[in-house]
Amino acid sequence: MSDDHSIRLVIPTERFWPEYTGWVKQTLKLARSAGEQLQFFSVSRPPKKSTESEASEANLPSNVKIRRRGPRLEEDNLLAKIAYVLSAAGFVVYNRQAFDVLYLPYVFFPGFVFILLGTLLGLPVAVRISGQEVAPNRSLPARLRLWSFQFVDAVAVLNETDRRRVRKLGVDDERIWFIPNGVDVEQFSPLSSASVTAEEPRRKRAPNTQEETLTTEQETLWKEDSRMVIGFAGIICRRKGVRELLDAYDRIRALDDTSQPVLLLAGPLEGVEEVDPSFIQETVRVAGEYDDDVQLLGNVGNMARFYQSLDLFVLPSYREGMPNVLLEAMSTGLPCVATDIPGVREVISSRADGMLVPPKDVSELATVLSELLQDKTLRDSIGREARKTVADSFSLDAMADRYTDLFVSLVKKEVPVSITTL
């Protein structure tokens with residue numbers, strides 16, 4: 001391969017754009033930052049029919065192409081999955097010479113099939129571990145997935161826990177790369193000093209450019225009063241700690257010495273694999289008890305503006321790989337409260353650039369949120385340090401450079417001189 005040749009990645013995975021998940025967002029961020037150095041070709045199933053899916057192709061980076069294969073996602077059953085695997089595998093085999101690396105940013109079913117396929121074809125295989133893919137699990141699909149890891153050529157991990165688990169699966173250190181998620185620190189930046197401050201009323205302002213035009217949904221983020229605003233972003237599901245967040249919010253409101261804050265939850269209520277309709281129904285019921293003080297916003301198109309409308313950000317998840325939303329909120333200069341779990345503790349140093357609480361601990365979550373709501377000096381200090389942490393260690397360009405190095409090493413069949421350690 002010549003030095004000026006773009007590295008061509010094939011990404012066979014059931015779900016891709018416009019799916020609202022962290023690994024999809026991170027893959028597209030990588031594509032935008034890498035530019036023409038990396039060419040992404042996704043082989044995925046057709047998305048559910050929606051306005052968003054129909055318009056999605058226009059929002060893709062120029063170096064990302066998608067080939068839809070198999071039944072639509074509405075047909076989410078075993079036969080549909082098998083049909084997709086056969087169709088996508090056939091496509092990869094037939095077009096083998098068009099690709100340099102088979103890349104899996106998400107390794108749940110049917111990931112193990114494509115790991116083995118790449119091995120048989122002599123196509124270098126790189127995978128990204130974002131959380132539960134390597135967690136202990138005795139189901140047959142999980143066992144097949146874990147067994148297949150011994151054949152991969154490179155594994156990108158987001159935290160030390162996953163590194164240790166990957167080692168136990170037979171992957172040596174030379175094949176393990178620590179590559180944190182990256183964030184666009186220019187897109188996700190604090191409001192200027194001339195903008196609304198925490199002490200001033202949050203009034204709607206006229207957008208400055210066409211790109212800043214607010215939708216009706218986004219206008220609800222700009223409050224007409226001076227109350228504090230707590231924000232959450234992510235799939236509205238149990239794993240994200242939404243139930244604990246609502247319980248902690250209830251405790252905060254019951255405190256006599258705390259003003260009644262507003263709680264905004266941004267994230268999909270349907271159309272995503274982890275969404276449980278019964279959980280959504282209960283969440284909507286509980287939120288309704290607070291009238292407009294708790295708002296379920298659904299998908300928010302302009303996340304940078306969402307973060308800028310907040311005073312605090314909270315992510316009480318049970319497990320994560322390395323959450324994009326946390327990095328985005330920190331980059332915006334927000335004081336963030338998150339659970340002390342792998343992938344989060346690699347980002348936050350508690351009480352320095354964020355606050356860590358134990359998972360599922362409603363009492364501690366309420367206590368920490370209340371402390372920050374009442375202490376502007378602490379909020380400002382943590383927010384400044386959060387911004388600095390992301391700018392120094394979790395920039396989008398740094399992530400893209402590391403992935404480019406990984407893919408180049410595979411194409412050139414070279415072992416990296418040094419592997420970044422945690």
# chains A, B, ... in the order shown; residues from 1 in each chain; ligands from 1
>>> residues_around(residues="Glu328 (chain A)", least_positions_apart="4", cutoff="7 Å", atoms="only C-alpha atoms", output="PyMOL selection string")
chain A and resi 183+188+324+332
>>> select_by_dssp(residues="region 269-399 of chain A", states="strand (DSSP E)", output="NGL selection string")
:A and (294-298 or 312-315 or 336-339 or 355-357)
>>> atom_distance(atom1="CA of Leu104 (chain A)", atom2="CA of Leu73 (chain A)")
19.1 Å
>>> atom_distance(atom1="CA of Val155 (chain A)", atom2="CA of Leu102 (chain A)")
12.0 Å
>>> select_by_dssp(residues="region 160-354 of chain A", states="helix (DSSP H, G or I)", output="PDB file with C-alpha atoms, in the first residue's frame")
ATOM      1  CA  GLU A 160      -8.839  -0.827  32.113  1.00  0.00           C
ATOM      2  CA  THR A 161     -11.604  -3.299  33.007  1.00  0.00           C
ATOM      3  CA  ASP A 162     -12.129  -4.193  29.356  1.00  0.00           C
ATOM      4  CA  ARG A 163      -8.367  -4.447  28.812  1.00  0.00           C
ATOM      5  CA  ARG A 164      -8.112  -7.073  31.551  1.00  0.00           C
ATOM      6  CA  ARG A 165     -11.089  -8.999  30.181  1.00  0.00           C
ATOM      7  CA  VAL A 166      -9.642  -8.984  26.663  1.00  0.00           C
ATOM      8  CA  ARG A 167      -6.327 -10.316  27.970  1.00  0.00           C
ATOM      9  CA  LYS A 168      -8.140 -13.240  29.617  1.00  0.00           C
ATOM     10  CA  ASP A 173      -0.884  -6.756  24.782  1.00  0.00           C
ATOM     11  CA  GLU A 174       0.547  -6.079  21.320  1.00  0.00           C
ATOM     12  CA  ARG A 175      -2.952  -6.356  19.880  1.00  0.00           C
ATOM     13  CA  GLN A 210     -29.169  29.523   9.692  1.00  0.00           C
ATOM     14  CA  GLU A 211     -27.398  26.576  11.291  1.00  0.00           C
ATOM     15  CA  GLU A 212     -28.406  27.855  14.736  1.00  0.00           C
ATOM     16  CA  THR A 216     -39.856  24.046  18.528  1.00  0.00           C
ATOM     17  CA  GLU A 217     -38.350  21.178  20.487  1.00  0.00           C
ATOM     18  CA  GLN A 218     -35.133  23.043  21.133  1.00  0.00           C
ATOM     19  CA  GLU A 219     -36.871  26.272  22.123  1.00  0.00           C
ATOM     20  CA  ARG A 238     -32.932   1.182  33.094  1.00  0.00           C
ATOM     21  CA  ARG A 239     -29.214   0.761  32.359  1.00  0.00           C
ATOM     22  CA  LYS A 240     -28.763   4.517  32.178  1.00  0.00           C
ATOM     23  CA  VAL A 242     -33.083   7.021  34.722  1.00  0.00           C
ATOM     24  CA  ARG A 243     -35.194   5.597  37.534  1.00  0.00           C
ATOM     25  CA  GLU A 244     -32.568   6.540  40.132  1.00  0.00           C
ATOM     26  CA  LEU A 245     -32.261  10.015  38.635  1.00  0.00           C
ATOM     27  CA  LEU A 246     -36.003  10.630  38.984  1.00  0.00           C
ATOM     28  CA  ASP A 247     -35.936   9.364  42.571  1.00  0.00           C
ATOM     29  CA  ALA A 248     -32.980  11.623  43.386  1.00  0.00           C
ATOM     30  CA  TYR A 249     -34.759  14.562  41.750  1.00  0.00           C
ATOM     31  CA  ASP A 250     -37.763  13.944  43.970  1.00  0.00           C
ATOM     32  CA  ARG A 251     -35.527  14.066  47.047  1.00  0.00           C
ATOM     33  CA  ILE A 252     -33.920  17.318  45.915  1.00  0.00           C
ATOM     34  CA  ARG A 253     -37.295  18.994  45.504  1.00  0.00           C
ATOM     35  CA  ALA A 254     -38.273  17.922  49.001  1.00  0.00           C
ATOM     36  CA  PRO A 277     -42.062   0.256  26.328  1.00  0.00           C
ATOM     37  CA  SER A 278     -43.211  -0.579  29.866  1.00  0.00           C
ATOM     38  CA  PHE A 279     -40.264   1.338  31.352  1.00  0.00           C
ATOM     39  CA  ILE A 280     -40.969   4.297  29.064  1.00  0.00           C
ATOM     40  CA  GLN A 281     -44.618   4.281  30.091  1.00  0.00           C
ATOM     41  CA  GLU A 282     -43.682   4.347  33.780  1.00  0.00           C
ATOM     42  CA  THR A 283     -41.083   7.068  33.201  1.00  0.00           C
ATOM     43  CA  VAL A 284     -43.607   9.238  31.374  1.00  0.00           C
ATOM     44  CA  ARG A 285     -46.081   8.741  34.242  1.00  0.00           C
ATOM     45  CA  VAL A 286     -43.541   9.754  36.885  1.00  0.00           C
ATOM     46  CA  ALA A 287     -42.370  12.761  34.851  1.00  0.00           C
ATOM     47  CA  GLY A 288     -45.978  13.879  34.482  1.00  0.00           C
ATOM     48  CA  ASP A 291     -45.829  19.022  35.156  1.00  0.00           C
ATOM     49  CA  ASP A 292     -43.317  20.838  32.936  1.00  0.00           C
ATOM     50  CA  ASP A 293     -40.530  20.711  35.512  1.00  0.00           C
ATOM     51  CA  MET A 303     -26.913  18.653  21.379  1.00  0.00           C
ATOM     52  CA  ALA A 304     -24.422  21.506  21.737  1.00  0.00           C
ATOM     53  CA  ARG A 305     -27.275  23.926  22.384  1.00  0.00           C
ATOM     54  CA  PHE A 306     -28.853  21.419  24.756  1.00  0.00           C
ATOM     55  CA  TYR A 307     -25.733  21.282  26.934  1.00  0.00           C
ATOM     56  CA  GLN A 308     -25.432  25.064  26.875  1.00  0.00           C
ATOM     57  CA  ASN A 324     -19.835  10.275  24.530  1.00  0.00           C
ATOM     58  CA  VAL A 325     -22.462  12.422  26.229  1.00  0.00           C
ATOM     59  CA  LEU A 326     -20.294  12.803  29.325  1.00  0.00           C
ATOM     60  CA  LEU A 327     -17.330  13.984  27.247  1.00  0.00           C
ATOM     61  CA  GLU A 328     -19.567  16.393  25.323  1.00  0.00           C
ATOM     62  CA  ALA A 329     -21.044  17.847  28.513  1.00  0.00           C
ATOM     63  CA  MET A 330     -17.596  18.233  30.107  1.00  0.00           C
ATOM     64  CA  SER A 331     -16.275  19.867  26.938  1.00  0.00           C
TER      65      SER A 331
END
>>> residues_around(residues="region 110-126 of chain A", least_positions_apart="6", cutoff="6 Å", atoms="only C-alpha atoms", output="tab-separated table (two decimals) with C-alpha atoms, in the first residue's frame")
chain	number	residue	atom	x	y	z
A	101	VAL	CA	-9.53	-3.80	7.04
A	102	LEU	CA	-12.72	-5.28	8.47
A	103	TYR	CA	-13.69	-3.01	11.36
A	145	ARG	CA	-18.37	-13.95	20.63
A	148	SER	CA	-13.83	-15.44	18.48
A	152	VAL	CA	-8.80	-10.54	15.95
A	153	ASP	CA	-5.74	-8.58	14.83
A	154	ALA	CA	-6.39	-5.51	17.00
A	155	VAL	CA	-8.76	-4.57	19.82
>>> atom_distance(atom1="CA of Ile11 (chain A)", atom2="CA of Ser44 (chain A)")
8.1 Å
>>> closest_residue(among="A:Pro71, A:Pro261, A:Gly231, A:Gly182", to="Leu296 (chain A)", atoms="only C-alpha atoms")
A:Gly231
>>> closest_residue(among="A:Phe40, A:Phe109, A:Tyr318, A:Phe99", to="Val85 (chain A)", atoms="only C-alpha atoms")
A:Phe109
>>> closest_residue(among="A:Gly298, A:Asn137, A:Arg351, A:Ser6", to="Val408 (chain A)", atoms="only C-alpha atoms")
A:Ser6
>>> closest_residue(among="A:Ser317, A:Thr377, A:Thr21, A:Thr27", to="Gly271 (chain A)", atoms="only C-alpha atoms")
A:Thr21
>>> residues_around(residues="Leu146 (chain A)", least_positions_apart="4", cutoff="7 Å", atoms="only C-alpha atoms", output="MDAnalysis selection string")
chainID A and resid 134 142 169
>>> decode(residues="region 389-401 of chain A", atoms="all heavy atoms", output="CSV table (one decimal), in the first residue's frame")
chain,number,residue,atom,x,y,z
A,389,THR,N,-9.8,19.1,31.0
A,389,THR,CA,-9.6,17.6,30.9
A,389,THR,C,-9.9,17.1,29.5
A,389,THR,O,-9.1,16.4,28.9
A,389,THR,CB,-10.4,16.8,31.9
A,389,THR,OG1,-9.9,17.2,33.2
A,389,THR,CG2,-10.3,15.3,31.7
A,390,VAL,N,-11.0,17.5,29.0
A,390,VAL,CA,-11.4,17.0,27.6
A,390,VAL,C,-10.5,17.5,26.5
A,390,VAL,O,-10.1,16.8,25.6
A,390,VAL,CB,-12.9,17.3,27.4
A,390,VAL,CG1,-13.3,17.0,25.9
A,390,VAL,CG2,-13.8,16.5,28.3
A,391,ALA,N,-10.3,18.8,26.6
A,391,ALA,CA,-9.4,19.5,25.6
A,391,ALA,C,-8.0,18.9,25.6
A,391,ALA,O,-7.4,18.7,24.5
A,391,ALA,CB,-9.3,21.0,25.8
A,392,ASP,N,-7.5,18.5,26.8
A,392,ASP,CA,-6.1,18.0,26.9
A,392,ASP,C,-6.0,16.5,26.5
A,392,ASP,O,-5.0,16.1,25.9
A,392,ASP,CB,-5.6,18.1,28.3
A,392,ASP,CG,-5.3,19.6,28.7
A,392,ASP,OD1,-5.3,20.4,27.7
A,392,ASP,OD2,-5.1,19.8,29.9
A,393,SER,N,-7.1,15.7,26.8
A,393,SER,CA,-6.9,14.2,26.7
A,393,SER,C,-8.0,13.5,25.8
A,393,SER,O,-7.8,12.4,25.5
A,393,SER,CB,-7.0,13.6,28.1
A,393,SER,OG,-6.0,14.2,28.9
A,394,PHE,N,-9.1,14.2,25.5
A,394,PHE,CA,-10.1,13.5,24.8
A,394,PHE,C,-10.6,14.2,23.6
A,394,PHE,O,-11.8,14.3,23.3
A,394,PHE,CB,-11.3,13.2,25.8
A,394,PHE,CG,-10.9,12.4,27.0
A,394,PHE,CD1,-10.6,13.0,28.1
A,394,PHE,CD2,-10.9,11.0,26.9
A,394,PHE,CE1,-10.2,12.3,29.3
A,394,PHE,CE2,-10.5,10.3,28.0
A,394,PHE,CZ,-10.2,10.9,29.2
A,395,SER,N,-9.7,14.8,22.8
A,395,SER,CA,-10.1,15.5,21.6
A,395,SER,C,-10.4,14.6,20.5
A,395,SER,O,-9.8,13.5,20.4
A,395,SER,CB,-9.0,16.5,21.2
A,395,SER,OG,-7.9,15.8,20.7
A,396,LEU,N,-11.2,15.0,19.6
A,396,LEU,CA,-11.5,14.2,18.4
A,396,LEU,C,-10.3,13.9,17.5
A,396,LEU,O,-10.1,12.8,17.0
A,396,LEU,CB,-12.6,14.9,17.6
A,396,LEU,CG,-13.4,14.1,16.5
A,396,LEU,CD1,-14.1,12.9,17.2
A,396,LEU,CD2,-14.4,15.0,15.9
A,397,ASP,N,-9.5,14.9,17.3
A,397,ASP,CA,-8.3,14.7,16.5
A,397,ASP,C,-7.3,13.7,17.1
A,397,ASP,O,-6.8,12.8,16.3
A,397,ASP,CB,-7.6,16.0,16.3
A,397,ASP,CG,-8.3,17.0,15.4
A,397,ASP,OD1,-9.2,16.5,14.7
A,397,ASP,OD2,-8.0,18.2,15.4
A,398,ALA,N,-7.2,13.7,18.4
A,398,ALA,CA,-6.3,12.7,19.0
A,398,ALA,C,-6.8,11.3,18.8
A,398,ALA,O,-6.1,10.3,18.5
A,398,ALA,CB,-6.1,13.0,20.5
A,399,MET,N,-8.2,11.1,19.0
A,399,MET,CA,-8.8,9.8,18.7
A,399,MET,C,-8.6,9.4,17.3
A,399,MET,O,-8.2,8.2,17.0
A,399,MET,CB,-10.3,9.9,19.0
A,399,MET,CG,-11.0,8.5,18.8
A,399,MET,SD,-12.8,8.7,18.8
A,399,MET,CE,-13.1,9.5,17.2
A,400,ALA,N,-8.8,10.2,16.3
A,400,ALA,CA,-8.7,9.9,14.9
A,400,ALA,C,-7.2,9.5,14.6
A,400,ALA,O,-7.0,8.5,13.8
A,400,ALA,CB,-9.1,11.1,14.0
A,401,ASP,N,-6.3,10.2,15.1
A,401,ASP,CA,-4.9,9.8,14.9
A,401,ASP,C,-4.6,8.4,15.4
A,401,ASP,O,-3.8,7.7,14.7
A,401,ASP,CB,-3.9,10.9,15.6
A,401,ASP,CG,-4.0,12.2,14.9
A,401,ASP,OD1,-4.4,12.3,13.7
A,401,ASP,OD2,-3.5,13.2,15.5
